[in-house]
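model_9.txt (compact mmCIF, C-alpha atoms) appears below.
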```
# COMPACT_ATOMS: atom_id res chain seq x y z
CA MET A 1 -25.34 -40.57 8.92
CA ARG A 2 -25.05 -37.64 6.53
CA HIS A 3 -24.31 -34.26 8.06
CA LYS A 4 -25.48 -30.97 6.63
CA LEU A 5 -24.02 -27.47 6.60
CA GLU A 6 -26.34 -24.67 5.52
CA ALA A 7 -25.87 -20.93 5.29
CA ASP A 8 -28.50 -18.38 4.37
CA SER A 9 -29.96 -14.92 5.15
CA ILE A 10 -26.49 -13.46 4.71
CA LEU A 11 -26.31 -9.72 4.19
CA LEU A 12 -22.82 -8.29 3.93
CA ASN A 13 -21.95 -4.71 2.99
CA PHE A 14 -18.61 -2.91 2.88
CA GLY A 15 -19.66 0.71 3.27
CA GLU A 16 -22.15 1.45 0.50
CA ARG A 17 -21.15 -1.61 -1.49
CA ARG A 18 -23.27 -4.73 -1.13
CA ILE A 19 -21.10 -7.87 -1.27
CA LEU A 20 -23.53 -10.67 -0.39
CA SER A 21 -27.28 -10.44 -0.39
CA SER A 22 -29.17 -13.47 -1.59
CA ILE A 23 -27.43 -16.58 -0.38
CA TYR A 24 -28.53 -20.12 0.21
CA LEU A 25 -25.67 -22.59 0.44
CA LYS A 26 -25.93 -26.25 1.35
CA CYS A 27 -23.10 -28.79 1.75
CA GLU A 28 -23.43 -32.37 2.83
CA THR A 29 -20.93 -34.95 3.95
CA GLY A 30 -20.09 -37.33 1.14
CA GLU A 31 -20.15 -34.47 -1.36
CA ILE A 32 -17.88 -31.82 -2.79
CA THR A 33 -19.57 -28.50 -3.37
CA GLY A 34 -17.87 -26.17 -5.84
CA LEU A 35 -18.12 -22.40 -5.57
CA LEU A 36 -17.26 -20.37 -8.66
CA GLY A 37 -17.20 -16.64 -9.18
CA ARG A 38 -15.12 -13.89 -10.69
CA ASN A 39 -12.58 -11.96 -8.61
CA GLY A 40 -14.12 -9.64 -6.04
CA GLN A 41 -17.52 -11.34 -6.07
CA GLY A 42 -17.26 -12.31 -2.40
CA LYS A 43 -16.28 -16.00 -2.42
CA SER A 44 -13.66 -15.60 0.33
CA CYS A 45 -16.00 -13.27 2.24
CA LEU A 46 -18.72 -15.93 2.10
CA MET A 47 -16.31 -18.52 3.48
CA ASN A 48 -15.21 -16.16 6.25
CA VAL A 49 -18.84 -15.44 7.12
CA VAL A 50 -19.59 -19.17 7.36
CA TYR A 51 -16.42 -19.66 9.44
CA GLY A 52 -17.44 -16.82 11.76
CA ASN A 53 -14.46 -14.53 11.21
CA LEU A 54 -16.49 -11.91 9.35
CA ASN A 55 -19.62 -10.47 10.93
CA PRO A 56 -22.25 -9.47 8.37
CA ALA A 57 -25.42 -7.49 9.08
CA SER A 58 -27.29 -10.78 9.23
CA LYS A 59 -26.57 -14.46 8.75
CA SER A 60 -27.66 -17.94 9.65
CA THR A 61 -25.16 -20.80 9.65
CA ARG A 62 -26.42 -24.20 10.69
CA PHE A 63 -24.82 -27.60 11.20
CA ASP A 64 -27.47 -30.32 11.17
CA ASN A 65 -30.07 -27.58 11.79
CA ILE A 66 -28.21 -26.26 14.86
CA SER A 67 -27.23 -22.62 14.54
CA ILE A 68 -23.49 -22.02 15.10
CA SER A 69 -22.31 -18.49 14.40
CA GLN A 70 -18.65 -18.92 15.39
CA ALA A 71 -17.70 -22.11 13.60
CA PHE A 72 -14.00 -21.36 14.11
CA LYS A 73 -14.49 -22.50 17.71
CA ARG A 74 -15.56 -25.95 16.48
CA PRO A 75 -12.73 -27.59 14.49
CA ASP A 76 -14.60 -30.87 14.86
CA LEU A 77 -17.28 -29.38 12.60
CA LEU A 78 -15.41 -27.09 10.22
CA THR A 79 -11.85 -26.35 9.16
CA TYR A 80 -10.82 -23.65 6.70
CA LEU A 81 -7.97 -23.32 4.23
CA PRO A 82 -7.60 -19.60 3.51
CA GLN A 83 -6.16 -18.46 0.18
CA PHE A 84 -2.92 -17.26 1.79
CA GLU A 85 -0.17 -19.04 3.76
CA PHE A 86 -1.41 -19.55 7.31
CA VAL A 87 0.97 -22.00 8.99
CA PRO A 88 3.52 -20.19 11.21
CA SER A 89 6.87 -20.38 9.41
CA HIS A 90 8.82 -21.48 12.52
CA LEU A 91 6.93 -24.78 12.83
CA THR A 92 8.45 -28.01 11.54
CA LEU A 93 6.48 -30.56 9.50
CA ARG A 94 6.80 -32.92 12.47
CA ARG A 95 5.06 -30.38 14.69
CA ILE A 96 2.34 -29.55 12.12
CA PHE A 97 1.46 -33.23 11.56
CA SER A 98 1.45 -33.83 15.29
CA ASP A 99 -0.87 -30.84 15.89
CA PHE A 100 -3.35 -32.18 13.32
CA ASP A 101 -2.93 -35.79 14.56
CA LEU A 102 -1.81 -36.96 11.12
CA ASN A 103 0.64 -39.61 10.04
CA PHE A 104 3.60 -38.15 8.14
CA GLU A 105 4.49 -41.49 6.54
CA VAL A 106 1.18 -41.62 4.68
CA PHE A 107 1.82 -38.11 3.37
CA GLU A 108 5.37 -39.01 2.42
CA ASN A 109 4.16 -42.03 0.45
CA THR A 110 1.75 -39.87 -1.56
CA PHE A 111 4.26 -37.05 -2.03
CA PRO A 112 7.77 -38.62 -2.08
CA GLU A 113 9.38 -35.19 -2.60
CA PHE A 114 8.86 -34.65 1.14
CA ARG A 115 11.16 -37.53 2.14
CA GLU A 116 13.70 -36.29 4.69
CA LYS A 117 11.69 -33.11 5.28
CA TYR A 118 10.14 -34.34 8.53
CA ASN A 119 12.22 -32.03 10.72
CA THR A 120 12.27 -29.14 8.24
CA ARG A 121 10.63 -25.83 9.12
CA ILE A 122 7.75 -25.06 6.78
CA GLY A 123 9.18 -21.57 6.26
CA SER A 124 12.17 -23.02 4.42
CA LEU A 125 10.04 -24.94 1.87
CA SER A 126 9.14 -23.57 -1.57
CA GLY A 127 5.78 -21.80 -2.08
CA GLY A 128 4.28 -24.87 -3.78
CA GLN A 129 5.50 -27.25 -1.07
CA LYS A 130 4.12 -25.00 1.69
CA ARG A 131 0.76 -24.86 -0.05
CA LEU A 132 0.68 -28.62 -0.49
CA VAL A 133 1.29 -29.21 3.23
CA GLU A 134 -1.45 -26.71 4.13
CA VAL A 135 -3.93 -28.23 1.67
CA TYR A 136 -3.12 -31.75 2.89
CA VAL A 137 -3.58 -31.08 6.61
CA ILE A 138 -6.92 -29.32 6.05
CA ILE A 139 -8.24 -32.02 3.69
CA LYS A 140 -7.21 -34.72 6.18
CA SER A 141 -8.32 -32.78 9.29
CA LYS A 142 -10.81 -34.60 11.49
CA SER A 143 -13.75 -32.27 10.90
CA GLN A 144 -17.16 -32.90 9.36
CA PHE A 145 -16.58 -30.18 6.74
CA SER A 146 -13.64 -28.32 5.23
CA MET A 147 -13.69 -25.14 3.17
CA LEU A 148 -10.85 -24.78 0.68
CA ASP A 149 -10.12 -21.34 -0.77
CA GLU A 150 -7.92 -21.68 -3.87
CA PRO A 151 -6.31 -25.00 -2.91
CA PHE A 152 -4.70 -25.46 -6.34
CA SER A 153 -2.74 -22.21 -6.42
CA HIS A 154 1.05 -22.78 -6.58
CA LEU A 155 0.57 -26.53 -7.20
CA SER A 156 1.91 -28.40 -10.21
CA PRO A 157 -0.53 -30.37 -12.47
CA ILE A 158 0.62 -33.70 -10.97
CA GLN A 159 0.11 -32.38 -7.44
CA ILE A 160 -3.35 -31.06 -8.40
CA GLU A 161 -4.25 -34.51 -9.68
CA LYS A 162 -3.13 -36.09 -6.41
CA VAL A 163 -5.03 -33.50 -4.35
CA CYS A 164 -8.18 -34.26 -6.40
CA GLY A 165 -7.61 -37.95 -5.60
CA LEU A 166 -7.31 -37.12 -1.90
CA LEU A 167 -10.53 -35.10 -2.01
CA ALA A 168 -12.38 -37.96 -3.69
CA GLU A 169 -11.10 -40.33 -0.99
CA GLU A 170 -11.80 -38.02 1.97
CA LYS A 171 -15.30 -37.06 0.83
CA LYS A 172 -16.39 -40.54 1.89
CA ARG A 173 -16.27 -39.27 5.49
CA LYS A 174 -16.65 -35.50 5.20
CA GLY A 175 -17.98 -32.65 3.06
CA PHE A 176 -16.01 -30.01 1.16
CA LEU A 177 -16.74 -26.52 -0.07
CA ILE A 178 -14.12 -25.60 -2.62
CA THR A 179 -13.37 -22.54 -4.72
CA ASP A 180 -10.58 -22.11 -7.26
CA HIS A 181 -10.04 -20.40 -10.59
CA LEU A 182 -8.94 -23.71 -12.12
CA PHE A 183 -12.63 -24.17 -12.69
CA ARG A 184 -12.39 -27.23 -14.92
CA ALA A 185 -10.77 -29.16 -12.02
CA VAL A 186 -13.45 -27.82 -9.65
CA VAL A 187 -16.24 -28.78 -12.06
CA GLU A 188 -14.77 -32.25 -12.49
CA ILE A 189 -14.60 -33.12 -8.79
CA SER A 190 -17.74 -31.32 -7.59
CA ASP A 191 -21.05 -33.00 -6.92
CA ASN A 192 -22.83 -29.63 -6.69
CA LEU A 193 -21.83 -26.28 -8.12
CA TYR A 194 -22.73 -22.71 -7.26
CA VAL A 195 -21.81 -19.51 -9.06
CA LEU A 196 -21.55 -16.33 -7.01
CA SER A 197 -22.35 -13.29 -9.10
CA SER A 198 -23.26 -9.75 -7.96
CA GLY A 199 -23.77 -10.95 -4.40
CA VAL A 200 -26.23 -13.65 -5.44
CA LEU A 201 -25.48 -17.35 -5.15
CA GLN A 202 -26.93 -19.39 -8.02
CA LEU A 203 -27.11 -23.16 -8.14
CA VAL A 204 -25.72 -24.60 -11.38
CA LYS A 205 -28.22 -27.08 -12.77
CA ASP A 206 -26.58 -27.45 -16.15
CA LEU A 207 -22.96 -26.74 -17.09
CA THR A 208 -24.10 -24.09 -19.59
CA ASP A 209 -25.28 -22.10 -16.54
CA ILE A 210 -21.62 -21.33 -15.80
CA GLU A 211 -21.48 -19.38 -19.04
CA ARG A 212 -24.97 -17.93 -18.58
CA PHE A 213 -24.04 -16.59 -15.13
CA GLY A 214 -21.05 -14.87 -16.76
CA TYR A 215 -18.26 -16.79 -15.01
CA ALA A 216 -16.46 -18.56 -17.90
CA LYS A 217 -16.73 -19.61 -21.50
CA LEU A 218 -16.92 -23.37 -21.84
CA MET B 1 -4.82 -34.19 26.85
CA ARG B 2 -6.84 -31.43 25.22
CA THR B 3 -5.51 -28.88 27.75
CA LEU B 4 -1.94 -29.99 27.08
CA LYS B 5 -2.45 -29.56 23.34
CA THR B 6 -3.95 -26.09 23.85
CA LEU B 7 -0.95 -25.11 26.01
CA ARG B 8 1.41 -26.37 23.31
CA LEU B 9 -0.39 -24.26 20.70
CA ILE B 10 -0.38 -21.17 22.93
CA SER B 11 3.35 -21.70 23.48
CA ALA B 12 3.90 -21.93 19.68
CA PHE B 13 2.04 -18.64 19.28
CA TYR B 14 4.10 -17.02 22.07
CA GLN B 15 7.29 -18.12 20.28
CA SER B 16 6.38 -15.77 17.41
CA PHE B 17 6.99 -12.67 19.53
CA PHE B 18 8.53 -13.56 22.91
CA ILE B 19 12.03 -12.26 21.98
CA SER B 20 10.80 -8.66 21.67
CA THR B 21 8.80 -8.78 24.93
CA TRP B 22 11.66 -10.43 26.84
CA ILE B 23 14.09 -7.75 25.63
CA ILE B 24 11.69 -5.10 26.94
CA THR B 25 11.35 -6.94 30.26
CA GLY B 26 15.16 -7.12 30.46
CA CYS B 27 15.45 -3.36 29.90
CA CYS B 28 12.78 -2.73 32.55
CA LEU B 29 14.68 -4.91 35.04
CA TRP B 30 17.88 -2.98 34.40
CA ILE B 31 16.07 0.35 35.01
CA PHE B 32 14.41 -1.08 38.14
CA GLY B 33 17.82 -2.26 39.40
CA GLU B 34 19.22 1.24 38.90
CA TYR B 35 16.35 3.38 40.24
CA GLY B 36 14.33 1.03 42.49
CA TRP B 37 10.62 1.36 43.40
CA ILE B 38 10.44 5.00 42.28
CA SER B 39 10.49 3.76 38.67
CA PHE B 40 7.98 0.93 39.18
CA SER B 41 4.76 2.61 38.00
CA SER B 42 6.49 4.07 34.92
CA LEU B 43 7.90 0.63 34.09
CA VAL B 44 4.45 -0.97 34.40
CA TRP B 45 3.03 1.58 31.95
CA LEU B 46 6.01 1.09 29.63
CA LYS B 47 5.42 -2.66 29.66
CA ILE B 48 1.68 -2.23 28.96
CA PHE B 49 2.43 0.22 26.13
CA THR B 50 5.01 -2.06 24.49
CA LEU B 51 2.69 -5.08 24.79
CA GLY B 52 0.09 -2.96 22.96
CA LEU B 53 2.67 -2.25 20.22
CA VAL B 54 3.50 -5.96 19.91
CA PHE B 55 -0.22 -6.73 19.58
CA PHE B 56 -0.59 -4.03 16.89
CA PHE B 57 2.33 -5.30 14.78
CA MET B 58 1.47 -8.97 15.21
CA ASP B 59 -2.14 -8.26 14.23
CA LYS B 60 -0.91 -6.35 11.18
CA TYR B 61 1.82 -8.68 9.91
CA LYS B 62 1.01 -12.13 11.31
CA ARG B 63 -2.78 -12.14 11.46
CA HIS B 64 -2.96 -14.89 8.80
CA GLU B 65 -1.34 -17.30 11.27
CA ILE B 66 -4.41 -17.09 13.53
CA TYR B 67 -6.15 -19.46 11.09
CA TYR B 68 -3.66 -22.17 12.04
CA TYR B 69 -4.66 -22.00 15.69
CA GLN B 70 -8.36 -21.61 14.88
CA ASN B 71 -8.24 -24.78 12.77
CA LEU B 72 -6.94 -26.52 15.88
CA GLY B 73 -9.61 -25.09 18.18
CA VAL B 74 -7.79 -22.17 19.84
CA SER B 75 -9.39 -18.78 19.25
CA LYS B 76 -7.63 -15.44 18.80
CA LYS B 77 -9.02 -14.24 22.15
CA VAL B 78 -7.59 -17.24 24.03
CA LEU B 79 -4.20 -16.84 22.32
CA TRP B 80 -3.85 -13.16 23.14
CA CYS B 81 -5.32 -13.21 26.65
CA SER B 82 -3.16 -16.12 27.78
CA THR B 83 0.13 -14.93 26.26
CA VAL B 84 -0.27 -11.30 27.38
CA ALA B 85 -1.24 -12.43 30.92
CA PHE B 86 1.72 -14.82 31.08
CA ASP B 87 4.16 -12.20 29.76
CA PHE B 88 2.92 -9.58 32.24
CA LEU B 89 3.10 -12.02 35.16
CA LEU B 90 6.63 -12.91 34.10
CA PHE B 91 7.47 -9.21 34.14
CA LEU B 92 6.04 -8.72 37.66
CA THR B 93 7.74 -11.86 38.97
CA SER B 94 11.08 -10.75 37.52
CA ILE B 95 10.71 -7.34 39.21
CA LEU B 96 9.94 -9.08 42.52
CA VAL B 97 12.92 -11.42 42.16
CA THR B 98 15.22 -8.48 41.26
CA TYR B 99 14.00 -6.64 44.38
CA THR B 100 14.48 -9.70 46.60
CA ILE B 101 18.00 -10.54 45.47
CA GLY B 102 19.00 -6.89 45.01
```

Would you mind writing the structure in this file as structure tokens?
Amino acid sequence: MRHKLEADSILLNFGERRILSSIYLKCETGEITGLLGRNGQGKSCLMNVVYGNLNPASKSTRFDNISISQAFKRPDLLTYLPQFEFVPSHLTLRRIFSDFDLNFEVFENTFPEFREKYNTRIGSLSGGQKRLVEVYVIIKSKSQFSMLDEPFSHLSPIQIEKVCGLLAEEKKRKGFLITDHLFRAVVEISDNLYVLSSGVLQLVKDLTDIERFGYAKL
Amino acid sequence: MRTLKTLRLISAFYQSFFISTWIITGCCLWIFGEYGWISFSSLVWLKIFTLGLVFFFMDKYKRHEIYYYQNLGVSKKVLWCSTVAFDFLLFLTSILVTYTIG
């Protein structure tokens, strides 16, 4: 059965400034939905609104047509990778993988650079390694949907390739909403694309729309 | 199983700041040992005030970590209510024990 996440009727202002106004977003399991937009257009705000951490003037977030305003209380439905480091630095990889019910050996086989790091605190890893662990646990988390805010930042090209492979594998059982400025990678892996511009979310029907909506030159 | 996991996560969150609150509790116990019940109400207010300070600084400098717990099903409200309640109960129990053995 395919599950559906929809968000619409979102109205978000910061003081006089309107951030989000005309939004209709749909994600389905089995698909990767890409979200593009220039800096400050409200991509992270939109994700936080969907997650329930940011309260706009109005919003409607639905999972299979059931309205859920505080999705952060339902990790079985939605998990969220924010754009900053979020794992407490005193936790070891053993503890993190145990909390997310994940097998470290599988991770180690995909990323051999983590051999012998099982009992290492995440705080003592490099920025790229920390990000990779965070991206991995959210992609593999046992939720219907995951939102990934800049998952490729701090990662090397080979790691990005492996993460794209993981996304392609995991989308068989869940849905992803992903935003990153490495837009060519996002375009390549996405089944649907949106561009957020001036608070309005536009569905990309043709790749030339990305240029037309003023996000990037192809 | 779920409750055990939630407790483990709350304990991980408490580990981020317990040293500062335990030092304050230790100082309060020393003052209580010196001055007795006359200092009790002031110590309670001191404890409440310092817990408020801990909340303020944690919310300012470690608020990003809340996403870790939210991704595992524990909300910010649950984390703060349970850890503050536990820390305050620990403070009251320590005062009681100090009074009993003193």

Residues of chain B within 10 Å of chain A, using only C-alpha atoms, as a ChimeraX atom specification?
/B:5-6,8-9,12-13,15-16,62-76

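Of the listed residues (A:Gln144, A:Ser58, A:Thr208, A:Thr92), A:Thr92 comes nearest to A:Thr120; the distances count only C-alpha atoms.
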
Could you work out how far atom CA of A:Asn48 lies from atom CA of A:Arg184, giving the answer in Å with one decimal?
24.1 Å

Test item: residues at most 12 Å from B:Leu29, all atoms listed in the file, excluding those fewer than 5 positions along its chain, as JSON, numbers by chain:
{"B": [22, 23, 24, 34, 35, 36, 37, 39, 40, 43, 44, 46, 47, 90, 91, 92, 93, 94, 95, 96, 97, 98, 99, 102]}

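Using all atoms listed in the file, the nearest neighbour of A:Leu132 within the list A:Glu31, A:Glu116, A:Glu108, A:Asp206 is A:Glu108.
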
Might you pull out every residue within 8 Å of A:Ser9, with only C-alpha atoms counted and same-chain residues fewer than 3 positions away left off, and present them as a PyMOL selection string?
chain A and resi 21-24+58-60

Generate the output file for the selected residues, C-alpha atoms, as an mmCIF file, in the coordinates of the input.
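Final output, selection09.cif:
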```cif
data_model
loop_
_atom_site.group_PDB
_atom_site.id
_atom_site.type_symbol
_atom_site.label_atom_id
_atom_site.label_comp_id
_atom_site.auth_asym_id
_atom_site.auth_seq_id
_atom_site.Cartn_x
_atom_site.Cartn_y
_atom_site.Cartn_z
ATOM 1 C CA SER A 21 -27.280 -10.440 -0.390
ATOM 2 C CA SER A 22 -29.170 -13.470 -1.590
ATOM 3 C CA ILE A 23 -27.430 -16.580 -0.380
ATOM 4 C CA TYR A 24 -28.530 -20.120 0.210
ATOM 5 C CA SER A 58 -27.290 -10.780 9.230
ATOM 6 C CA LYS A 59 -26.570 -14.460 8.750
ATOM 7 C CA SER A 60 -27.660 -17.940 9.650
#
```

Please measure the separation of atom CA of A:Phe97 and atom CA of A:Asn119, giving the value in Å to one decimal.
10.9 Å

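Using only C-alpha atoms, the shortest contact distance between B:Phe86 and any of B:Ser20, B:Ser11, B:Thr100, B:Thr3 is found at B:Ser11.
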
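Residues with any atom within 8 Å of stretch 63-67 of chain A, counting only C-alpha atoms and excluding same-chain neighbours fewer than 5 positions away, are His3, Lys4, Leu5, Glu6 and Leu77 of chain A.
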
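Distance check against B:Ile48 using only C-alpha atoms: of B:Leu79, B:Ile19, B:Leu89, B:Met1, the minimum falls on B:Leu89.
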
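As for atom CA of B:Lys60 and atom CA of B:Trp80, they are spaced 14.1 Å apart.
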
Can I get stretch 28-47 of chain A with N, CA and C atoms filled in, as a CSV table (one decimal), keeping the file's coordinate frame?
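Listing of selection_17.csv after writing:
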```csv
chain,number,residue,atom,x,y,z
A,28,GLU,N,-23.2,-31.1,2.1
A,28,GLU,CA,-23.4,-32.4,2.8
A,28,GLU,C,-22.2,-33.2,2.9
A,29,THR,N,-22.1,-34.0,3.9
A,29,THR,CA,-20.9,-35.0,4.0
A,29,THR,C,-21.1,-36.0,2.8
A,30,GLY,N,-20.0,-36.4,2.3
A,30,GLY,CA,-20.1,-37.3,1.1
A,30,GLY,C,-20.1,-36.6,-0.2
A,31,GLU,N,-20.1,-35.3,-0.1
A,31,GLU,CA,-20.2,-34.5,-1.4
A,31,GLU,C,-19.1,-33.4,-1.4
A,32,ILE,N,-18.7,-33.0,-2.6
A,32,ILE,CA,-17.9,-31.8,-2.8
A,32,ILE,C,-18.7,-30.8,-3.5
A,33,THR,N,-18.8,-29.6,-2.8
A,33,THR,CA,-19.6,-28.5,-3.4
A,33,THR,C,-18.6,-27.4,-3.9
A,34,GLY,N,-18.7,-27.2,-5.2
A,34,GLY,CA,-17.9,-26.2,-5.8
A,34,GLY,C,-18.5,-24.8,-5.8
A,35,LEU,N,-17.7,-23.8,-5.6
A,35,LEU,CA,-18.1,-22.4,-5.6
A,35,LEU,C,-17.3,-21.6,-6.6
A,36,LEU,N,-18.0,-21.1,-7.6
A,36,LEU,CA,-17.3,-20.4,-8.7
A,36,LEU,C,-17.7,-18.9,-8.6
A,37,GLY,N,-16.9,-18.1,-9.1
A,37,GLY,CA,-17.2,-16.6,-9.2
A,37,GLY,C,-16.0,-15.8,-9.6
A,38,ARG,N,-16.2,-14.7,-10.3
A,38,ARG,CA,-15.1,-13.9,-10.7
A,38,ARG,C,-14.5,-13.2,-9.5
A,39,ASN,N,-13.3,-12.6,-9.7
A,39,ASN,CA,-12.6,-12.0,-8.6
A,39,ASN,C,-13.4,-10.9,-8.0
A,40,GLY,N,-13.4,-10.7,-6.7
A,40,GLY,CA,-14.1,-9.6,-6.0
A,40,GLY,C,-15.6,-9.9,-5.9
A,41,GLN,N,-16.1,-11.1,-6.2
A,41,GLN,CA,-17.5,-11.3,-6.1
A,41,GLN,C,-17.9,-11.7,-4.6
A,42,GLY,N,-16.9,-12.0,-3.8
A,42,GLY,CA,-17.3,-12.3,-2.4
A,42,GLY,C,-17.1,-13.8,-2.0
A,43,LYS,N,-16.4,-14.6,-2.8
A,43,LYS,CA,-16.3,-16.0,-2.4
A,43,LYS,C,-15.6,-16.2,-1.1
A,44,SER,N,-14.4,-15.5,-0.9
A,44,SER,CA,-13.7,-15.6,0.3
A,44,SER,C,-14.4,-15.0,1.5
A,45,CYS,N,-15.2,-13.9,1.2
A,45,CYS,CA,-16.0,-13.3,2.2
A,45,CYS,C,-17.1,-14.3,2.7
A,46,LEU,N,-17.7,-15.0,1.7
A,46,LEU,CA,-18.7,-15.9,2.1
A,46,LEU,C,-18.1,-17.0,3.0
A,47,MET,N,-16.9,-17.5,2.7
A,47,MET,CA,-16.3,-18.5,3.5
A,47,MET,C,-16.0,-18.0,4.9
```
